[in-house]
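Participant: Could you have a look at this structure, given as C-alpha cells, before my questions?
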Amino acid sequence: MSGALLSARDLTVKFGGLVAVNNVSFDVQRGEVFTIIGPNGAGKTTVFNLISRIYQPTAGSIHYNGEDLVAQPPHAVAAMGIARTFQNIELFEFASVLQNLLIGTHTHRRTSLWQDLLFTGATRRAEINARRKAEEVIDFLSLQRYRDMMVAGLPYGVRKVVELARALCAEPKLLLLDEPSSGLNAEETDDMAWWIQDIQRDLGITVLMVEHDMSLVSKVSDRVLAMNQGEVLALGSPEEVQSHPGVIEAYLGSTDDLSSLRRSAA
Amino acid sequence: MRFIFKTDYDQDIRIVKHGGQAFWYGLLGLFLVAAPWLLSEYVLAQLVFVLIYATVGLGLMLLAGFTGQFSIGHAAFLGVGAYTQAVLTNAGWPFPLALACAGGLSAIFGVVIGVPALRVKGIYLGIATLAFGFIVEEGMARWESVTGGNAGMHVKSPEIFGWTLSSSTEFYFLCLVVVVLSTLAILNLLRSPTGRAFVAIRDSEISAQSMGIHLARYKTMSFALSAALAGLGGALYAHQIKFLSPEQFSIIQSIDLLIMIVVGGLGSVHGVFLGAIFLITMPQLIAMGKDYLPDSVGQSPGLQTVVYGAVLVAFVMFEPHGLYGRWLKMRTYLQMFPFYRAGMFRRQKAFQKSDRLK
C-alpha cells in the first residue's frame with residue numbers, strides 16, 4: 001500500500017506479564033478518518049501512546065510517511081506532523097486559551113534562546129506568524145469568546161475543543177484524537193462530528209481516533225478497526241464492523257453465554 | 001474596567017500594554033532614578049538589597065514559578081556568584097567581566113545540578129537541590145585557599161580601569177541597571193516560545209512533550225538561566241555585604257528565597273519585587289514590634305524565624321497567589337465597583353487529570 005500515511009506492523013506491547021497489545025497491524029490511508037473501537041482495556045489508548053512514542057513497543061514497527069517512527073524520540077514526533085489530544089484533557093491550565101494555542105505552534109519555532117531573550121526582529125516576526133496561525137484556528141473552531149480566558153475556569157466541553165484547537169495549531173498531517181466525545185453532551189458531540197468532518201475535508205488532515213460513541217463513529221469514519229484484549233477483531237467500513245459477530249460478542253457477550261444464562265435463571 | 005480594542009498583533013506582544021501602564025511604570029522609573037537624592041543613606045541601602053534579592057528572585061521565579069521545578073538549594077548559586085565576584089574583583093578584574101563570569105559559572109553549576117534533576121520530580125527534586133546546597137556550602141567552607149573558609153573574606157569595591165564605584169549612589173545605579181536588564185530579559189522570554197515552553201512543562205509535561213517540547217533541554221535551560229540570575233544577584237550581594245562567609249549561603253538563605261517568591265506570588269514577575277520588598281522590610285518591622293511585646297517573647301532569639309514561618313503558612317492557606325494575587329483582587333474590586341461578587345477568584349478544582357508521565 002503506497003498511499004498509507006501510517007502503517008503499523010505486528011505491534012506488541014507487554015507490561016510485565018500483561019500483553020496490552022498483541023500483533024496488531026493496520027494502515028491509515030492519506031486523507032481518511034480511521035477509528036479504533038473496542039471495550040475498555042482493549043488496548044486502544046496504548047496504540048495511541050505507541051504512535052506518540054510515550055511507550056516503547058516490545059515488538060513490531062510503525063512507519064509514518066516512510067520513516068521509522070520507533071527510532072524517533074518522543075518530542076520529535078510533533079515535528080514530523082503528528083499532533084494528538086488526550087482522553088482526559090491535558091491542557092496548560094494556568095495559561096489563557098491563546099497561550100495554549102501558541103504552545104501548539106511550538107514545533108514551528110526557529111528562534112534561539114538568545115534571540116528570545118533579546119526579543120529580536122526574527123522573534124517578533126515568528127511571534128506574529130504564530131499568532132496569525134492561532135487566530136485562524138480560533139476562527140475555524142469558533143473559540144473567539146474564550147480566547148483570553150484562563151483554561152482553569154472553562155467548562156469541560158470547551159476545554160475539549162481548545163485541546164483540538166491546540167493540536168490543529170501544530171499544522172499536523174496526522175491528527176490523533178483520543179475519545180473526542182467523552183464527557184460531551186449530545187449537542188457538543190454533534191459539533192465535534194462537524195469539526196472532524198471539516199478537518200478532514202477542508203484542511204485535508206488525516207484523522208486517527210479512538211471513540212466509544214457509535215453514532216459519531218459511523219457518522220465520520222471511513223474505516224473502523226475493532227480491538228479486544230489487545231488483538232484485532234475486525235477491520236472495515238463502520239457498517240461491516242458493527243455487524244461483525246466477533247465485535248457483537250466482545251461488546252455483548254456471546255449468544256451461547258446468553259442462552260446459558262437464561263437457562264440457569266429459569 | 002479597561003477594554004483595549006486590538007487591531008494589530010503587535011498590541012498583543014508589547015510589554016507595555018496601554019497608556020496607564022506606561023504612565024505608572026514611567027513614574028516608578030523616575031522615582032528609582034531620583035532615589036539617591038530623595039532617600040536617606042540607610043533607606044537607599046535597603047533599596048539596594050531589594051534590587052539584589054529581586055535579581056535572585058527573578059531567577060528562582062523562572063525555575064519554580066514558571067517551569068515548576070522547585071529548588072531548595074538556590075543559595076548555593078548565590079554563593080557561587082558571590083565568591084566568583086569576590087575572587088575576581090580582589091584580583092583586579094574589571095567588574096563587568098567579573099559579573100559575566102559570576103553569572104556564567106553559576107549557570108554551569110545550574111546545568112550540573114539540572115542534568116541529574118531531570119530524573120526526579122517534586123519533593124525528590126527538592127531533596128536533590130537541598131543536598132547540592134549543602135555540598136556547595138561545605139565546599140565554600142573547606143576550600144580555604146580561595147574562599148578563606150569559615151574565617152570569611154573581604155570584598156573590594158567594583159572597579160573598572162581605575163574608576164572605583166565606591167559611593168553607595170554609584171553602586172545603587174549598577175544594581176538598578178542589572179535589575180532592569182534582567183527583568184526585561186525575563187519579560188522577553190515569557191512572551192516568546194522559550195518562556196511558553198517553560199510554562200507548558202509546569203502545567204503538563206506529557207502534553208508539552210507531545211507538542212514537540214524537548215523536556216530535558218528546556219528544563220536544563222531553565223536551571224541554567226535561573227542559576228545565572230542567582231549568580232548575578234550573588235555578585236552584587238558580595239559588594240553590598242563586603243564580607244563573605246559560607247554561613248550566609250546556608251539552607252536558611254535558600255528558604256528565605258523560597259519564602260520571597262511564594263509570598264510575592266508564584267508565577268508572576270511582579271511577585272518577585274513584592275516578595276523582595278517583603279523580605280527586606282519584614283526584619284525591620286519585627287525589630288520595631290519587639291519593643292511592644294513582653295520581654296520573654298520579644299527578646300527570644302527565634303522570633304524572626306517563627307514570624308516568617310507563620311507568614312508563609314498563612315499565605316499558602318489563605319492567599320496562594322501571594323501579594324500580587326491580593327493586589328489583583330483589590331484592583332478588580334475597585335475597577336468593577338459595585339459589581340464585584342465574592343468567589344470571583346475562587347479556584348476551581350480540576351478533577352480530570354490523567355495519569356502523569358512517570
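Chain identifiers are assigned as A, B, and so on, following the order in which chains appear in the C-alpha cells; residues are numbered from 1 within each chain, and ligands are numbered from 1 in order of appearance.
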Tell me the residues of chain B close to chain A, meaning within 6 Å using only C-alpha atoms, as a list in words.

Facilitator: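 The complete set of qualifying residues is Ala185, Asn188, Leu189, Ser192, Ala200, Asp203, Ser207, Gln209, Met211, Gly212, Ile213, His214, Gln352 and Ser354 of chain B.
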
Participant: Go ahead and dump the residues you just picked, N, CA and C atoms, as a PDB file, in the first residue's frame.

Facilitator:
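After the write, part.pdb holds the following:
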ATOM      1  N   ALA B 185      14.828  40.939  30.194  1.00  0.00           N
ATOM      2  CA  ALA B 185      15.145  39.645  29.592  1.00  0.00           C
ATOM      3  C   ALA B 185      14.074  38.627  29.947  1.00  0.00           C
ATOM      4  N   ASN B 188      10.889  39.359  28.063  1.00  0.00           N
ATOM      5  CA  ASN B 188      11.045  38.938  26.667  1.00  0.00           C
ATOM      6  C   ASN B 188      10.890  37.431  26.538  1.00  0.00           C
ATOM      7  N   LEU B 189      11.514  36.737  27.489  1.00  0.00           N
ATOM      8  CA  LEU B 189      11.467  35.283  27.457  1.00  0.00           C
ATOM      9  C   LEU B 189      10.024  34.800  27.551  1.00  0.00           C
ATOM     10  N   SER B 192       7.902  34.840  24.435  1.00  0.00           N
ATOM     11  CA  SER B 192       8.469  34.156  23.282  1.00  0.00           C
ATOM     12  C   SER B 192       8.329  32.638  23.466  1.00  0.00           C
ATOM     13  N   ALA B 200       4.548  25.431  29.748  1.00  0.00           N
ATOM     14  CA  ALA B 200       3.933  24.177  29.318  1.00  0.00           C
ATOM     15  C   ALA B 200       4.463  23.022  30.161  1.00  0.00           C
ATOM     16  N   ASP B 203       2.774  23.001  33.575  1.00  0.00           N
ATOM     17  CA  ASP B 203       1.373  22.606  33.661  1.00  0.00           C
ATOM     18  C   ASP B 203       1.115  21.160  33.259  1.00  0.00           C
ATOM     19  N   SER B 207       1.845  16.575  27.887  1.00  0.00           N
ATOM     20  CA  SER B 207       1.333  17.224  26.690  1.00  0.00           C
ATOM     21  C   SER B 207       2.353  18.204  26.122  1.00  0.00           C
ATOM     22  N   GLN B 209       5.443  17.510  25.916  1.00  0.00           N
ATOM     23  CA  GLN B 209       6.253  16.622  25.089  1.00  0.00           C
ATOM     24  C   GLN B 209       5.562  16.317  23.759  1.00  0.00           C
ATOM     25  N   MET B 211       3.639  18.203  22.241  1.00  0.00           N
ATOM     26  CA  MET B 211       3.636  19.416  21.410  1.00  0.00           C
ATOM     27  C   MET B 211       5.028  19.651  20.826  1.00  0.00           C
ATOM     28  N   GLY B 212       5.945  18.730  21.062  1.00  0.00           N
ATOM     29  CA  GLY B 212       7.271  18.854  20.464  1.00  0.00           C
ATOM     30  C   GLY B 212       8.283  19.575  21.333  1.00  0.00           C
ATOM     31  N   ILE B 213       8.003  19.696  22.631  1.00  0.00           N
ATOM     32  CA  ILE B 213       8.954  20.376  23.516  1.00  0.00           C
ATOM     33  C   ILE B 213       9.926  19.345  24.087  1.00  0.00           C
ATOM     34  N   HIS B 214      11.207  19.596  23.902  1.00  0.00           N
ATOM     35  CA  HIS B 214      12.255  18.692  24.369  1.00  0.00           C
ATOM     36  C   HIS B 214      12.414  18.927  25.868  1.00  0.00           C
ATOM     37  N   GLN B 352     -10.130  16.300  36.289  1.00  0.00           N
ATOM     38  CA  GLN B 352      -9.832  15.474  35.130  1.00  0.00           C
ATOM     39  C   GLN B 352      -8.359  15.495  34.767  1.00  0.00           C
ATOM     40  N   SER B 354      -5.266  13.263  33.990  1.00  0.00           N
ATOM     41  CA  SER B 354      -4.969  11.867  33.696  1.00  0.00           C
ATOM     42  C   SER B 354      -3.641  11.493  34.341  1.00  0.00           C
TER      43      SER B 354
END

Participant: Which residues are close to stretch 125-130 of chain B, i.e. within 12 Å by only C-alpha atoms, leaving aside same-chain residues fewer than 5 positions away? Reply as a count of residues only.

Facilitator: 35

Participant: Fewer than 6 positions away in the same chain doesn't count, so skip those; otherwise give me all residues within 7 Å of A:Ala8, counting only C-alpha atoms, as a tab-separated table (two decimals) with N, CA and C atoms, in the first residue's frame.

Facilitator:
chain	number	residue	atom	x	y	z
A	25	SER	N	-1.73	-5.04	13.39
A	25	SER	CA	-1.25	-4.41	12.16
A	25	SER	C	-2.40	-3.63	11.53
A	26	PHE	N	-2.11	-2.43	11.08
A	26	PHE	CA	-3.11	-1.68	10.31
A	26	PHE	C	-2.44	-0.59	9.52
A	27	ASP	N	-3.15	-0.08	8.51
A	27	ASP	CA	-2.64	1.03	7.71
A	27	ASP	C	-3.65	2.16	7.77
A	61	SER	N	6.74	-2.73	14.26
A	61	SER	CA	7.25	-1.48	13.74
A	61	SER	C	6.10	-0.53	13.41
A	62	ILE	N	6.39	0.77	13.45
A	62	ILE	CA	5.43	1.78	12.99
A	62	ILE	C	6.18	2.63	11.97
A	63	HIS	N	5.64	2.73	10.78
A	63	HIS	CA	6.23	3.62	9.80
A	63	HIS	C	5.27	4.75	9.50

Participant: Choose the residue, out of A:Arg159, A:Lys44, A:His244, A:Arg30, that has the smallest atom-to-atom separation from A:Gln229; count only C-alpha atoms.

Facilitator: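 So, comparing all the options, the nearest one is A:Lys44.
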
Participant: Which distance in Å separates atom CA of B:Ser268 and atom CA of B:Glu205, to one decimal?

Facilitator: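 Spanning atom CA of B:Ser268 to atom CA of B:Glu205 is a straight-line distance of 20.4 Å.
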
Participant: Would you list, as a VMD selection string, the residues of stretch 65-207 of chain B that end up in strand (DSSP E or B) under DSSP run on this structure's backbone?

Facilitator: chain B and resid 153 to 154 159 to 160 163 to 164

Participant: Please produce a file of those selected residues containing N, CA and C atoms, as a PDB file, in the first residue's frame.

Facilitator:
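Okay, again.pdb is ready:
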ATOM      1  N   MET B 153      35.968  36.229  53.864  1.00  0.00           N
ATOM      2  CA  MET B 153      36.877  37.016  53.023  1.00  0.00           C
ATOM      3  C   MET B 153      36.290  38.388  52.734  1.00  0.00           C
ATOM      4  N   HIS B 154      37.185  39.360  52.632  1.00  0.00           N
ATOM      5  CA  HIS B 154      36.736  40.720  52.338  1.00  0.00           C
ATOM      6  C   HIS B 154      36.605  40.919  50.830  1.00  0.00           C
ATOM      7  N   GLU B 159      35.401  47.846  40.336  1.00  0.00           N
ATOM      8  CA  GLU B 159      36.346  48.787  39.737  1.00  0.00           C
ATOM      9  C   GLU B 159      36.481  48.495  38.251  1.00  0.00           C
ATOM     10  N   ILE B 160      36.610  49.539  37.452  1.00  0.00           N
ATOM     11  CA  ILE B 160      36.904  49.340  36.041  1.00  0.00           C
ATOM     12  C   ILE B 160      37.891  50.403  35.582  1.00  0.00           C
ATOM     13  N   TRP B 163      38.535  53.409  37.675  1.00  0.00           N
ATOM     14  CA  TRP B 163      37.369  54.094  38.241  1.00  0.00           C
ATOM     15  C   TRP B 163      36.697  53.149  39.225  1.00  0.00           C
ATOM     16  N   THR B 164      36.621  53.529  40.501  1.00  0.00           N
ATOM     17  CA  THR B 164      36.051  52.661  41.519  1.00  0.00           C
ATOM     18  C   THR B 164      34.649  53.136  41.882  1.00  0.00           C
TER      19      THR B 164
END

Participant: Using only C-alpha atoms for the distances, tell me which of B:Ala310, B:Leu30, B:Ala100, B:Leu60 is nearest to B:Ser222.

Facilitator: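 Between B:Ala310, B:Leu30, B:Ala100, B:Leu60, the residue approaching B:Ser222 most closely is B:Leu60.
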
Participant: Just the residues within 7 Å of stretch 206-210 of chain A, please, counting only C-alpha atoms, with nothing from its chain fewer than 3 positions along; format it as an NGL selection string.

Facilitator: :A and (30-37 or 44 or 173-179 or 200)

Participant: Which of stretch 25-78 of chain B end up as alpha helix (DSSP H) when DSSP is run on this backbone - answer as an MDAnalysis selection string?

Facilitator: chainID B and resid 25:38 41:60 74:78

Participant: Name all residues at most 9 Å from B:Asn90 (count only C-alpha atoms; drop same-chain ones fewer than 4 positions away) and give them as a short mmCIF file (atom, residue, chain, number, x, y, z; two decimals) with C-alpha atoms, in the first residue's frame.

Facilitator:
data_model
loop_
_atom_site.label_atom_id
_atom_site.label_comp_id
_atom_site.auth_asym_id
_atom_site.auth_seq_id
_atom_site.Cartn_x
_atom_site.Cartn_y
_atom_site.Cartn_z
CA GLN B 85 32.86 38.01 42.03
CA ALA B 86 34.86 38.45 45.22
CA HIS B 154 36.74 40.72 52.34
CA VAL B 155 35.46 42.07 49.02
CA LYS B 156 36.84 45.17 47.33
CA SER B 157 34.60 47.73 45.66
#

Participant: Identify which of the residues B:Lys6, B:Phe337, B:Tyr83, B:Thr67 lies closest to B:Leu215, counting only C-alpha atoms when measuring atom-to-atom distances.

Facilitator: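 Counting only C-alpha atoms, the residue closest to B:Leu215 is B:Thr67.
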
Participant: Can you work out which one of B:Ile206, B:Ala151, B:Ala131, B:Leu32 has the shortest atom-to-atom distance to B:Leu47, counting only C-alpha atoms?

Facilitator: B:Leu32

Participant: For stretch 136-146 of chain A, find every residue with an atom within 9 Å (counting only C-alpha atoms), except residues of its own chain fewer than 2 positions away, and show them as a PyMOL selection string.

Facilitator: chain A and resi 96-98+101+131-134+148-151+154+158+161-162+164-166+168-169+195
